[in-house]
>>> print(open('data29.pdb').read())   # PDB, C-alpha atoms, pLDDT in the B column
ATOM      1  CA  MET A  29       0.000   0.000   0.000  1.00 50.00           C
ATOM      2  CA  ARG A  30       2.842   2.383   0.805  1.00 50.00           C
ATOM      3  CA  ASN A  31       4.469   1.770  -2.573  1.00 56.00           C
ATOM      4  CA  THR A  32       1.170   2.294  -4.393  1.00 53.00           C
ATOM      5  CA  THR A  33       0.502   5.521  -2.516  1.00 49.00           C
ATOM      6  CA  GLY A  34       3.997   6.773  -3.320  1.00 49.00           C
ATOM      7  CA  ILE A  35       3.601   5.998  -7.019  1.00 44.00           C
ATOM      8  CA  ILE A  36       0.242   7.785  -7.157  1.00 44.00           C
ATOM      9  CA  SER A  37       1.639  10.818  -5.319  1.00 40.00           C
ATOM     10  CA  ALA A  38       4.627  10.982  -7.672  1.00 37.00           C
ATOM     11  CA  ALA A  39       2.361  10.677 -10.707  1.00 38.00           C
ATOM     12  CA  LEU A  40       0.148  13.510  -9.464  1.00 40.00           C
ATOM     13  CA  LEU A  41       3.192  15.683  -8.795  1.00 41.00           C
ATOM     14  CA  VAL A  42       4.577  15.114 -12.301  1.00 45.00           C
ATOM     15  CA  ALA A  43       1.168  15.783 -13.866  1.00 47.00           C
ATOM     16  CA  SER A  44       0.945  19.138 -12.068  1.00 51.00           C
ATOM     17  CA  MET A  45       4.418  20.300 -13.079  1.00 60.00           C
ATOM     18  CA  PRO A  46       4.786  22.710 -16.048  1.00 76.00           C
ATOM     19  CA  LEU A  47       5.947  20.943 -19.201  1.00 88.00           C
ATOM     20  CA  LEU A  48       8.571  22.408 -21.495  1.00 91.00           C
ATOM     21  CA  ALA A  49       6.819  23.591 -24.659  1.00 84.00           C
ATOM     22  CA  LYS A  50       7.978  23.701 -28.236  1.00 91.00           C
ATOM     23  CA  ASP A  51       9.320  27.156 -29.113  1.00 96.00           C
ATOM     24  CA  TYR A  52       6.865  29.744 -30.373  1.00 98.00           C
ATOM     25  CA  SER A  53       8.576  31.495 -33.286  1.00 98.00           C
ATOM     26  CA  PHE A  54       7.490  34.047 -35.857  1.00 98.00           C
ATOM     27  CA  THR A  55       8.949  36.465 -38.411  1.00 98.00           C
ATOM     28  CA  GLY A  56       7.912  40.073 -38.986  1.00 98.00           C
ATOM     29  CA  LYS A  57       8.359  42.292 -42.034  1.00 98.00           C
ATOM     30  CA  ALA A  58       8.217  46.015 -41.304  1.00 98.00           C
ATOM     31  CA  THR A  59       7.118  48.274 -44.153  1.00 98.00           C
ATOM     32  CA  GLY A  60       6.942  52.044 -44.322  1.00 96.00           C
ATOM     33  CA  PRO A  61       4.088  54.250 -45.615  1.00 92.00           C
ATOM     34  CA  ASP A  62       5.337  53.746 -49.169  1.00 93.00           C
ATOM     35  CA  GLY A  63       5.199  49.965 -48.806  1.00 93.00           C
ATOM     36  CA  ASN A  64       8.973  49.516 -48.954  1.00 96.00           C
ATOM     37  CA  LEU A  65      10.549  46.905 -46.686  1.00 98.00           C
ATOM     38  CA  LEU A  66      12.401  48.644 -43.838  1.00 98.00           C
ATOM     39  CA  TYR A  67      13.680  45.678 -41.829  1.00 98.00           C
ATOM     40  CA  GLN A  68      12.749  42.219 -40.604  1.00 98.00           C
ATOM     41  CA  GLU A  69      12.264  40.740 -37.133  1.00 98.00           C
ATOM     42  CA  GLN A  70      12.966  37.170 -36.058  1.00 98.00           C
ATOM     43  CA  HIS A  71      11.254  36.163 -32.795  1.00 98.00           C
ATOM     44  CA  THR A  72      11.888  33.011 -30.752  1.00 98.00           C
ATOM     45  CA  ILE A  73      10.050  32.458 -27.463  1.00 98.00           C
ATOM     46  CA  ASN A  74      10.562  29.466 -25.223  1.00 97.00           C
ATOM     47  CA  GLY A  75       8.300  28.568 -22.343  1.00 97.00           C
ATOM     48  CA  THR A  76       6.178  25.952 -20.662  1.00 97.00           C
ATOM     49  CA  CYS A  77       2.659  24.567 -20.910  1.00 97.00           C
ATOM     50  CA  GLN A  78       0.698  25.291 -17.741  1.00 94.00           C
ATOM     51  CA  ASN A  79      -2.918  24.143 -17.454  1.00 92.00           C
ATOM     52  CA  GLY A  80      -3.065  23.805 -21.226  1.00 94.00           C
ATOM     53  CA  SER A  81      -1.813  27.339 -21.981  1.00 96.00           C
ATOM     54  CA  PHE A  82       1.588  28.632 -23.073  1.00 97.00           C
ATOM     55  CA  ARG A  83       3.575  30.520 -20.440  1.00 97.00           C
ATOM     56  CA  PRO A  84       6.535  32.394 -22.032  1.00 98.00           C
ATOM     57  CA  GLN A  85       9.908  32.517 -20.299  1.00 98.00           C
ATOM     58  CA  GLN A  86      12.658  33.794 -22.624  1.00 98.00           C
ATOM     59  CA  HIS A  87      12.162  35.865 -25.790  1.00 98.00           C
ATOM     60  CA  ARG A  88      14.835  36.760 -28.337  1.00 98.00           C
ATOM     61  CA  VAL A  89      14.313  39.249 -31.175  1.00 98.00           C
ATOM     62  CA  ASP A  90      16.848  39.796 -33.961  1.00 98.00           C
ATOM     63  CA  TYR A  91      16.393  42.771 -36.299  1.00 98.00           C
ATOM     64  CA  LEU A  92      17.825  42.424 -39.803  1.00 98.00           C
ATOM     65  CA  ASN A  93      18.179  44.713 -42.789  1.00 97.00           C
ATOM     66  CA  PRO A  94      16.684  43.360 -46.030  1.00 95.00           C
ATOM     67  CA  GLY A  95      18.944  40.740 -47.614  1.00 93.00           C
ATOM     68  CA  GLU A  96      21.293  40.499 -44.626  1.00 96.00           C
ATOM     69  CA  SER A  97      21.769  37.572 -42.254  1.00 94.00           C
ATOM     70  CA  GLU A  98      23.485  39.368 -39.355  1.00 97.00           C
ATOM     71  CA  PRO A  99      21.259  41.452 -37.062  1.00 98.00           C
ATOM     72  CA  PHE A 100      21.783  45.201 -36.812  1.00 98.00           C
ATOM     73  CA  ALA A 101      19.945  45.225 -33.452  1.00 98.00           C
ATOM     74  CA  TRP A 102      18.622  42.688 -30.950  1.00 98.00           C
ATOM     75  CA  LYS A 103      16.488  42.417 -27.835  1.00 98.00           C
ATOM     76  CA  ASP A 104      16.314  39.868 -25.021  1.00 98.00           C
ATOM     77  CA  LEU A 105      13.276  39.633 -22.749  1.00 98.00           C
ATOM     78  CA  ASP A 106      12.816  37.543 -19.612  1.00 98.00           C
ATOM     79  CA  TYR A 107       9.227  36.818 -18.491  1.00 98.00           C
ATOM     80  CA  ASN A 108      10.035  34.551 -15.547  1.00 95.00           C
ATOM     81  CA  THR A 109       8.853  37.061 -12.944  1.00 95.00           C
ATOM     82  CA  SER A 110       5.955  38.552 -14.919  1.00 98.00           C
ATOM     83  CA  VAL A 111       4.564  37.928 -18.419  1.00 98.00           C
ATOM     84  CA  ILE A 112       3.485  41.578 -18.744  1.00 98.00           C
ATOM     85  CA  ARG A 113       6.628  43.137 -17.213  1.00 98.00           C
ATOM     86  CA  PRO A 114       9.669  41.410 -18.697  1.00 98.00           C
ATOM     87  CA  ARG A 115      13.257  42.224 -17.959  1.00 98.00           C
ATOM     88  CA  VAL A 116      14.539  43.912 -21.128  1.00 98.00           C
ATOM     89  CA  HIS A 117      17.923  44.353 -22.763  1.00 98.00           C
ATOM     90  CA  PHE A 118      17.855  46.092 -26.165  1.00 98.00           C
ATOM     91  CA  VAL A 119      20.938  46.951 -28.232  1.00 98.00           C
ATOM     92  CA  GLN A 120      21.143  49.012 -31.443  1.00 97.00           C
ATOM     93  CA  PRO A 121      24.901  49.355 -32.113  1.00 96.00           C
ATOM     94  CA  GLY A 122      24.565  51.538 -35.201  1.00 95.00           C
ATOM     95  CA  PHE A 123      23.339  54.358 -32.970  1.00 95.00           C
ATOM     96  CA  ASP A 124      25.387  53.393 -29.876  1.00 94.00           C
ATOM     97  CA  GLU A 125      22.082  52.796 -28.098  1.00 96.00           C
ATOM     98  CA  THR A 126      21.257  50.335 -25.329  1.00 97.00           C
ATOM     99  CA  LEU A 127      18.185  50.115 -23.116  1.00 98.00           C
ATOM    100  CA  THR A 128      17.968  47.937 -20.008  1.00 98.00           C
ATOM    101  CA  ILE A 129      14.956  47.517 -17.711  1.00 98.00           C
ATOM    102  CA  ARG A 130      15.280  45.700 -14.385  1.00 98.00           C
ATOM    103  CA  TYR A 131      13.223  45.240 -11.179  1.00 98.00           C
ATOM    104  CA  PRO A 132      15.383  45.658  -8.075  1.00 97.00           C
ATOM    105  CA  GLN A 133      12.429  45.358  -5.690  1.00 96.00           C
ATOM    106  CA  PRO A 134       8.638  44.887  -5.844  1.00 95.00           C
ATOM    107  CA  GLY A 135       6.852  47.956  -7.174  1.00 97.00           C
ATOM    108  CA  THR A 136      10.017  49.610  -8.508  1.00 98.00           C
ATOM    109  CA  LEU A 137      11.800  49.319 -11.835  1.00 98.00           C
ATOM    110  CA  THR A 138      14.982  50.878 -13.147  1.00 98.00           C
ATOM    111  CA  VAL A 139      15.767  52.055 -16.664  1.00 98.00           C
ATOM    112  CA  LYS A 140      19.285  52.469 -17.970  1.00 98.00           C
ATOM    113  CA  TRP A 141      19.323  54.161 -21.368  1.00 97.00           C
ATOM    114  CA  ASP A 142      22.491  54.946 -23.304  1.00 95.00           C
ATOM    115  CA  THR A 143      21.220  57.402 -25.899  1.00 89.00           C
ATOM    116  CA  PRO A 144      22.595  58.251 -29.353  1.00 84.00           C
ATOM    117  CA  SER A 145      23.004  61.954 -28.628  1.00 81.00           C
ATOM    118  CA  GLU A 146      22.223  62.752 -24.969  1.00 82.00           C
ATOM    119  CA  GLY A 147      24.619  60.482 -23.096  1.00 88.00           C
ATOM    120  CA  SER A 148      23.426  58.039 -20.438  1.00 94.00           C
ATOM    121  CA  LYS A 149      20.146  58.407 -18.586  1.00 96.00           C
ATOM    122  CA  ARG A 150      18.967  56.580 -15.487  1.00 97.00           C
ATOM    123  CA  PHE A 151      15.416  56.372 -14.108  1.00 98.00           C
ATOM    124  CA  GLU A 152      13.922  54.729 -11.046  1.00 98.00           C
ATOM    125  CA  VAL A 153      10.190  54.342 -11.490  1.00 98.00           C
ATOM    126  CA  ASP A 154       7.529  53.251  -9.001  1.00 98.00           C
ATOM    127  CA  TYR A 155       4.686  51.431 -10.703  1.00 98.00           C
ATOM    128  CA  PRO A 156       1.283  50.002  -9.732  1.00 96.00           C
ATOM    129  CA  ASP A 157       0.267  46.400 -10.288  1.00 93.00           C
ATOM    130  CA  GLY A 158      -0.943  45.875 -13.855  1.00 93.00           C
ATOM    131  CA  THR A 159       1.705  48.121 -15.426  1.00 98.00           C
ATOM    132  CA  VAL A 160       2.873  46.755 -18.789  1.00 98.00           C
ATOM    133  CA  VAL A 161       6.432  46.914 -20.121  1.00 98.00           C
ATOM    134  CA  ASP A 162       7.594  46.518 -23.728  1.00 98.00           C
ATOM    135  CA  SER A 163       6.346  43.332 -25.467  1.00 97.00           C
ATOM    136  CA  GLY A 164       4.345  42.485 -22.363  1.00 98.00           C
ATOM    137  CA  PHE A 165       1.396  44.063 -24.204  1.00 98.00           C
ATOM    138  CA  ASP A 166       1.157  40.893 -26.326  1.00 98.00           C
ATOM    139  CA  ASN A 167       0.716  38.747 -23.229  1.00 98.00           C
ATOM    140  CA  LEU A 168      -1.734  41.291 -21.793  1.00 98.00           C
ATOM    141  CA  VAL A 169      -3.926  40.764 -24.864  1.00 98.00           C
ATOM    142  CA  ARG A 170      -3.913  36.992 -24.434  1.00 97.00           C
ATOM    143  CA  LYS A 171      -4.417  37.244 -20.670  1.00 96.00           C
ATOM    144  CA  HIS A 172      -7.685  39.109 -21.316  1.00 97.00           C
ATOM    145  CA  TRP A 173      -8.518  37.342 -24.589  1.00 98.00           C
ATOM    146  CA  PRO A 174     -12.165  36.361 -23.885  1.00 97.00           C
ATOM    147  CA  SER A 175     -12.959  39.752 -22.338  1.00 97.00           C
ATOM    148  CA  VAL A 176     -11.433  41.788 -25.165  1.00 96.00           C
ATOM    149  CA  LEU A 177     -13.173  39.738 -27.861  1.00 96.00           C
ATOM    150  CA  ALA A 178     -16.445  40.233 -25.974  1.00 97.00           C
ATOM    151  CA  GLY A 179     -15.987  43.995 -26.367  1.00 96.00           C
ATOM    152  CA  GLU A 180     -14.670  44.909 -22.924  1.00 97.00           C
ATOM    153  CA  SER A 181     -12.051  47.661 -22.557  1.00 97.00           C
ATOM    154  CA  ILE A 182      -8.975  46.870 -20.475  1.00 97.00           C
ATOM    155  CA  LYS A 183      -7.282  49.806 -18.760  1.00 97.00           C
ATOM    156  CA  PHE A 184      -3.607  49.577 -17.826  1.00 97.00           C
ATOM    157  CA  ARG A 185      -0.428  51.613 -17.356  1.00 97.00           C
ATOM    158  CA  PHE A 186       2.246  51.389 -20.045  1.00 96.00           C
ATOM    159  CA  LEU A 187       5.901  52.248 -19.476  1.00 97.00           C
ATOM    160  CA  ALA A 188       7.557  54.865 -21.683  1.00 95.00           C
ATOM    161  CA  PRO A 189      11.131  53.860 -20.758  1.00 96.00           C
ATOM    162  CA  THR A 190      12.945  56.744 -22.444  1.00 94.00           C
ATOM    163  CA  ARG A 191      10.806  59.197 -20.448  1.00 93.00           C
ATOM    164  CA  GLY A 192      11.079  57.310 -17.176  1.00 95.00           C
ATOM    165  CA  GLU A 193       7.299  57.387 -16.708  1.00 96.00           C
ATOM    166  CA  HIS A 194       4.206  55.256 -17.271  1.00 96.00           C
ATOM    167  CA  TYR A 195       0.926  56.471 -18.750  1.00 95.00           C
ATOM    168  CA  GLY A 196      -2.681  55.347 -18.814  1.00 96.00           C
ATOM    169  CA  PHE A 197      -3.759  53.304 -21.841  1.00 96.00           C
ATOM    170  CA  VAL A 198      -6.740  51.207 -22.837  1.00 97.00           C
ATOM    171  CA  LEU A 199      -6.844  47.984 -24.859  1.00 98.00           C
ATOM    172  CA  GLU A 200     -10.013  47.532 -26.904  1.00 97.00           C
ATOM    173  CA  LYS A 201     -11.518  46.205 -30.107  1.00 97.00           C
ATOM    174  CA  ALA A 202     -11.165  48.507 -33.101  1.00 96.00           C
ATOM    175  CA  GLU A 203     -11.821  48.957 -36.792  1.00 94.00           C
ATOM    176  CA  SER A 204      -9.013  49.870 -39.169  1.00 94.00           C
ATOM    177  CA  ASP A 205      -8.501  50.214 -42.892  1.00 94.00           C
ATOM    178  CA  LYS A 206      -4.788  49.600 -42.305  1.00 93.00           C
ATOM    179  CA  VAL A 207      -4.933  46.185 -40.621  1.00 97.00           C
ATOM    180  CA  LYS A 208      -6.875  43.184 -41.892  1.00 96.00           C
ATOM    181  CA  ALA A 209      -6.982  40.316 -39.385  1.00 98.00           C
ATOM    182  CA  ASP A 210      -9.363  37.892 -37.663  1.00 98.00           C
ATOM    183  CA  HIS A 211      -9.413  40.293 -34.711  1.00 98.00           C
ATOM    184  CA  VAL A 212      -8.365  43.955 -34.805  1.00 98.00           C
ATOM    185  CA  LEU A 213      -7.520  45.687 -31.523  1.00 98.00           C
ATOM    186  CA  GLN A 214      -5.940  48.958 -30.529  1.00 97.00           C
ATOM    187  CA  ILE A 215      -3.935  50.374 -27.653  1.00 97.00           C
ATOM    188  CA  ARG A 216      -4.648  54.069 -27.143  1.00 95.00           C
ATOM    189  CA  PRO A 217      -3.774  56.640 -24.473  1.00 94.00           C
ATOM    190  CA  THR A 218      -6.535  57.540 -22.029  1.00 93.00           C
ATOM    191  CA  SER A 219      -5.204  61.082 -21.563  1.00 78.00           C
ATOM    192  CA  MET A 220      -6.177  63.625 -24.205  1.00 62.00           C
ATOM    193  CA  VAL A 221      -2.810  65.360 -23.800  1.00 55.00           C
ATOM    194  CA  VAL A 222      -0.844  62.143 -24.326  1.00 63.00           C
ATOM    195  CA  GLY A 223      -3.205  61.277 -27.182  1.00 55.00           C
ATOM    196  CA  PHE A 224      -2.022  64.389 -29.046  1.00 49.00           C
ATOM    197  CA  LEU A 225       1.543  63.100 -28.806  1.00 61.00           C
ATOM    198  CA  ILE A 226       1.065  59.359 -29.340  1.00 77.00           C
ATOM    199  CA  ASP A 227      -1.115  57.768 -32.008  1.00 88.00           C
ATOM    200  CA  PRO A 228      -2.976  54.558 -31.134  1.00 94.00           C
ATOM    201  CA  ILE A 229      -1.167  51.293 -31.886  1.00 96.00           C
ATOM    202  CA  VAL A 230      -3.303  48.985 -34.033  1.00 98.00           C
ATOM    203  CA  LEU A 231      -2.884  45.227 -33.580  1.00 98.00           C
ATOM    204  CA  GLY A 232      -4.077  42.235 -35.571  1.00 98.00           C
ATOM    205  CA  TYR A 233      -4.527  38.729 -34.134  1.00 98.00           C
ATOM    206  CA  ASN A 234      -5.578  35.442 -35.658  1.00 98.00           C
ATOM    207  CA  ASN A 235      -8.142  33.092 -34.131  1.00 98.00           C
ATOM    208  CA  ARG A 236      -5.421  31.185 -32.253  1.00 97.00           C
ATOM    209  CA  GLY A 237      -4.325  34.331 -30.412  1.00 98.00           C
ATOM    210  CA  ALA A 238      -1.134  34.936 -32.390  1.00 98.00           C
ATOM    211  CA  LEU A 239      -0.073  38.478 -33.286  1.00 98.00           C
ATOM    212  CA  THR A 240      -0.294  38.973 -37.065  1.00 98.00           C
ATOM    213  CA  ASP A 241      -0.026  42.773 -37.387  1.00 98.00           C
ATOM    214  CA  TYR A 242       1.463  45.743 -35.571  1.00 98.00           C
ATOM    215  CA  TYR A 243       0.821  49.243 -36.914  1.00 98.00           C
ATOM    216  CA  GLY A 244       2.451  52.178 -35.141  1.00 96.00           C
ATOM    217  CA  LEU A 245       5.640  53.536 -33.631  1.00 95.00           C
ATOM    218  CA  THR A 246       8.480  50.995 -33.381  1.00 97.00           C
ATOM    219  CA  ASN A 247      11.615  50.791 -31.225  1.00 96.00           C
ATOM    220  CA  ILE A 248      13.903  50.870 -34.283  1.00 97.00           C
ATOM    221  CA  ARG A 249      15.576  54.132 -35.146  1.00 96.00           C
ATOM    222  CA  LYS A 250      15.057  55.823 -38.484  1.00 95.00           C
ATOM    223  CA  ASN A 251      17.736  58.367 -37.644  1.00 93.00           C
ATOM    224  CA  GLN A 252      19.378  60.055 -34.660  1.00 89.00           C
ATOM    225  CA  ASP A 253      16.172  61.839 -33.659  1.00 88.00           C
ATOM    226  CA  SER A 254      13.227  59.577 -34.482  1.00 92.00           C
ATOM    227  CA  ASN A 255      12.028  55.988 -34.756  1.00 95.00           C
ATOM    228  CA  TYR A 256      10.210  54.295 -37.592  1.00 96.00           C
ATOM    229  CA  ASN A 257       6.458  54.214 -37.832  1.00 96.00           C
ATOM    230  CA  ALA A 258       5.740  50.954 -39.586  1.00 98.00           C
ATOM    231  CA  HIS A 259       3.261  48.229 -40.400  1.00 98.00           C
ATOM    232  CA  ILE A 260       4.790  44.940 -39.255  1.00 98.00           C
ATOM    233  CA  ARG A 261       3.144  41.806 -40.672  1.00 98.00           C
ATOM    234  CA  TYR A 262       3.976  38.573 -38.851  1.00 98.00           C
ATOM    235  CA  THR A 263       4.206  35.048 -40.191  1.00 98.00           C
ATOM    236  CA  ILE A 264       4.044  32.241 -37.618  1.00 98.00           C
ATOM    237  CA  ASN A 265       6.841  29.695 -38.038  1.00 98.00           C
ATOM    238  CA  THR A 266       6.061  27.358 -35.128  1.00 98.00           C
ATOM    239  CA  TYR A 267       3.362  27.278 -32.466  1.00 98.00           C
ATOM    240  CA  PRO A 268       3.924  25.874 -28.976  1.00 97.00           C
ATOM    241  CA  ASP A 269       2.268  22.510 -28.320  1.00 94.00           C
ATOM    242  CA  CYS A 270      -0.399  24.094 -26.119  1.00 96.00           C
ATOM    243  CA  GLU A 271      -2.836  26.964 -26.563  1.00 97.00           C
ATOM    244  CA  LEU A 272      -1.670  30.602 -26.681  1.00 97.00           C
ATOM    245  CA  THR A 273      -4.873  31.831 -25.065  1.00 96.00           C
ATOM    246  CA  PRO A 274      -6.555  30.736 -21.802  1.00 90.00           C
TER
END
>>> encode(input="data29.pdb", output="structure tokens")
Amino acid sequence: MRNTTGIISAALLVASMPLLAKDYSFTGKATGPDGNLLYQEQHTINGTCQNGSFRPQQHRVDYLNPGESEPFAWKDLDYNTSVIRPRVHFVQPGFDETLTIRYPQPGTLTVKWDTPSEGSKRFEVDYPDGTVVDSGFDNLVRKHWPSVLAGESIKFRFLAPTRGEHYGFVLEKAESDKVKADHVLQIRPTSMVVGFLIDPIVLGYNNRGALTDYYGLTNIRKNQDSNYNAHIRYTINTYPDCELTP
């Protein structure tokens, strides 16, 4: 009886443990207003399957110029602590730019930004629960997938790392003549003042919860003073062997 009980307990423990998932990978092509290809993105995300859903852990993005195989910029994200607030390390050597986001203690994050023209900047930012950082917006969408598709609006704070501040935004369903997808959403500022400065970001998702389109301001520099606005269309290379959405 003891051996049987031990075997059952071990089996239950193994069944409850997260299982390593197949990598989730996709490729993006960023085009400008004239339709010309600006650059490409290669994304690889590893993670685990927990209760039938994919839980990302590490995310690598390589940015490549058209026709080139070596990246001109790259980004590493770590979601182990939070899927909506990853640790971030972004490098764009052509402009001598690096951006690092870390979390030294609960409720506080730090930003280290080596800028192309203004030297190094450091910020320490207190943030409320629910604040989203960088690509964490993609996981925010999937976290609230049923609610968003039902037409609910999700309010959250979004970090502007180069300003050392977070602002109020809302995630909601939208209509757009720019993005054609199974589901079209947008992220827009809730403040009228911020809305004058930042256009809404339009997102496209397929029925499996995978990002297919991003239309708006990117993190890739066009020149010393500004970043590209682009339409990035994503092609899914591999899905994890569990669902992306709850």
>>> resolve_selection(input="data29.pdb", expression="the PyMOL selection byres ((chain A and resi 45-59) around 7)", output="JSON, numbers by chain")
{"A": [41, 42, 43, 44, 60, 61, 63, 64, 65, 66, 67, 68, 69, 70, 71, 72, 73, 74, 75, 76, 77, 78, 258, 259, 260, 261, 262, 263, 264, 265, 266, 267, 268, 269]}
>>> atom_distance(input="data29.pdb", atom1="atom CA of A:Leu231", atom2="atom CA of A:Ile215")
7.9 Å
>>> resolve_selection(input="data29.pdb", expression="the PyMOL selection byres ((chain A and resi 91-103) around 6)", output="ChimeraX atom specification")
/A:67-69,88-90,104,117-120
>>> closest_residue(input="data29.pdb", among="A:Tyr107, A:Tyr155, A:Phe82, A:Trp141", to="A:Lys171", atoms="all atoms listed in the file")
A:Phe82
>>> resolve_selection(input="data29.pdb", expression="the PyMOL selection byres ((chain A and resi 169) around 12)", output="ChimeraX atom specification")
/A:111-112,160,163-168,170-177,180-184,198-201,211-215,231-233,237-239,272-274
>>> atom_distance(input="data29.pdb", atom1="atom CA of A:Tyr243", atom2="atom CA of A:Ile226")
12.6 Å
>>> atom_distance(input="data29.pdb", atom1="atom CA of A:Asp227", atom2="atom CA of A:Gly135")
27.9 Å
>>> closest_residue(input="data29.pdb", among="A:Thr126, A:Ser219, A:Asn257, A:Thr240", to="A:Gly147", atoms="only C-alpha atoms")
A:Thr126
>>> closest_residue(input="data29.pdb", among="A:Val153, A:Val161, A:Ala178, A:Val116", to="A:Glu193", atoms="all atoms listed in the file")
A:Val153
>>> axis_aligned_box(input="data29.pdb", around="stretch 187-190 of chain A", padding_each_side="3 Å", output="JSON")
{"center_x": 9.4, "center_y": 54.5, "center_z": -21.0, "size_x": 13.0, "size_y": 10.5, "size_z": 9.0}
>>> residues_near_point(input="data29.pdb", point="(20.9, 51.2, -17.7)", cutoff="8 Å", atoms="all atoms listed in the file", output="VMD selection string")
chain A and resid 126 to 129 138 to 142 148 to 150
>>> build_atoms(input="data29.pdb", residues="stretch 183-189 of chain A", atoms="all heavy atoms", output="PDB file, keeping the file's coordinate frame")
ATOM      1  N   LYS A 183      -8.146  48.678 -19.078  1.00 97.00           N
ATOM      2  CA  LYS A 183      -7.282  49.806 -18.760  1.00 97.00           C
ATOM      3  C   LYS A 183      -6.005  49.314 -18.093  1.00 97.00           C
ATOM      4  O   LYS A 183      -6.034  48.367 -17.307  1.00 97.00           O
ATOM      5  CB  LYS A 183      -8.008  50.803 -17.848  1.00 97.00           C
ATOM      6  CG  LYS A 183      -9.160  51.523 -18.532  1.00 97.00           C
ATOM      7  CD  LYS A 183      -9.776  52.575 -17.622  1.00 97.00           C
ATOM      8  CE  LYS A 183     -10.876  53.329 -18.337  1.00 97.00           C
ATOM      9  NZ  LYS A 183     -11.497  54.381 -17.478  1.00 97.00           N
ATOM     10  N   PHE A 184      -4.887  49.964 -18.414  1.00 97.00           N
ATOM     11  CA  PHE A 184      -3.607  49.577 -17.826  1.00 97.00           C
ATOM     12  C   PHE A 184      -2.642  50.755 -17.924  1.00 97.00           C
ATOM     13  O   PHE A 184      -2.919  51.762 -18.596  1.00 97.00           O
ATOM     14  CB  PHE A 184      -3.030  48.346 -18.540  1.00 97.00           C
ATOM     15  CG  PHE A 184      -2.697  48.570 -20.009  1.00 97.00           C
ATOM     16  CD1 PHE A 184      -1.393  48.822 -20.416  1.00 97.00           C
ATOM     17  CD2 PHE A 184      -3.685  48.519 -20.972  1.00 97.00           C
ATOM     18  CE1 PHE A 184      -1.085  49.026 -21.753  1.00 97.00           C
ATOM     19  CE2 PHE A 184      -3.387  48.718 -22.326  1.00 97.00           C
ATOM     20  CZ  PHE A 184      -2.086  48.971 -22.712  1.00 97.00           C
ATOM     21  N   ARG A 185      -1.511  50.638 -17.254  1.00 97.00           N
ATOM     22  CA  ARG A 185      -0.428  51.613 -17.356  1.00 97.00           C
ATOM     23  C   ARG A 185       0.643  51.027 -18.263  1.00 97.00           C
ATOM     24  O   ARG A 185       0.918  49.820 -18.218  1.00 97.00           O
ATOM     25  CB  ARG A 185       0.169  51.917 -15.981  1.00 97.00           C
ATOM     26  CG  ARG A 185      -0.810  52.366 -14.929  1.00 97.00           C
ATOM     27  CD  ARG A 185      -1.364  53.737 -15.178  1.00 97.00           C
ATOM     28  NE  ARG A 185      -0.358  54.784 -15.055  1.00 97.00           N
ATOM     29  CZ  ARG A 185      -0.620  56.089 -15.225  1.00 97.00           C
ATOM     30  NH1 ARG A 185      -1.857  56.483 -15.521  1.00 97.00           N
ATOM     31  NH2 ARG A 185       0.334  56.989 -15.099  1.00 97.00           N
ATOM     32  N   PHE A 186       1.228  51.853 -19.100  1.00 96.00           N
ATOM     33  CA  PHE A 186       2.246  51.389 -20.045  1.00 96.00           C
ATOM     34  C   PHE A 186       3.507  52.225 -19.870  1.00 96.00           C
ATOM     35  O   PHE A 186       3.449  53.453 -19.857  1.00 96.00           O
ATOM     36  CB  PHE A 186       1.722  51.505 -21.479  1.00 96.00           C
ATOM     37  CG  PHE A 186       2.517  50.714 -22.484  1.00 96.00           C
ATOM     38  CD1 PHE A 186       2.525  49.334 -22.453  1.00 96.00           C
ATOM     39  CD2 PHE A 186       3.251  51.361 -23.468  1.00 96.00           C
ATOM     40  CE1 PHE A 186       3.246  48.602 -23.384  1.00 96.00           C
ATOM     41  CE2 PHE A 186       3.969  50.644 -24.391  1.00 96.00           C
ATOM     42  CZ  PHE A 186       3.970  49.258 -24.354  1.00 96.00           C
ATOM     43  N   LEU A 187       4.643  51.551 -19.723  1.00 97.00           N
ATOM     44  CA  LEU A 187       5.901  52.248 -19.476  1.00 97.00           C
ATOM     45  C   LEU A 187       6.446  52.887 -20.749  1.00 97.00           C
ATOM     46  O   LEU A 187       6.554  52.234 -21.790  1.00 97.00           O
ATOM     47  CB  LEU A 187       6.941  51.267 -18.927  1.00 97.00           C
ATOM     48  CG  LEU A 187       8.330  51.857 -18.655  1.00 97.00           C
ATOM     49  CD1 LEU A 187       8.285  52.803 -17.462  1.00 97.00           C
ATOM     50  CD2 LEU A 187       9.353  50.744 -18.434  1.00 97.00           C
ATOM     51  N   ALA A 188       6.784  54.174 -20.647  1.00 95.00           N
ATOM     52  CA  ALA A 188       7.557  54.865 -21.683  1.00 95.00           C
ATOM     53  C   ALA A 188       8.987  54.945 -21.146  1.00 95.00           C
ATOM     54  O   ALA A 188       9.328  55.887 -20.416  1.00 95.00           O
ATOM     55  CB  ALA A 188       6.992  56.258 -21.946  1.00 95.00           C
ATOM     56  N   PRO A 189       9.839  53.969 -21.450  1.00 96.00           N
ATOM     57  CA  PRO A 189      11.131  53.860 -20.758  1.00 96.00           C
ATOM     58  C   PRO A 189      12.066  55.045 -20.983  1.00 96.00           C
ATOM     59  O   PRO A 189      12.805  55.420 -20.080  1.00 96.00           O
ATOM     60  CB  PRO A 189      11.723  52.569 -21.318  1.00 96.00           C
ATOM     61  CG  PRO A 189      11.035  52.356 -22.626  1.00 96.00           C
ATOM     62  CD  PRO A 189       9.650  52.904 -22.442  1.00 96.00           C
TER      63      PRO A 189
END
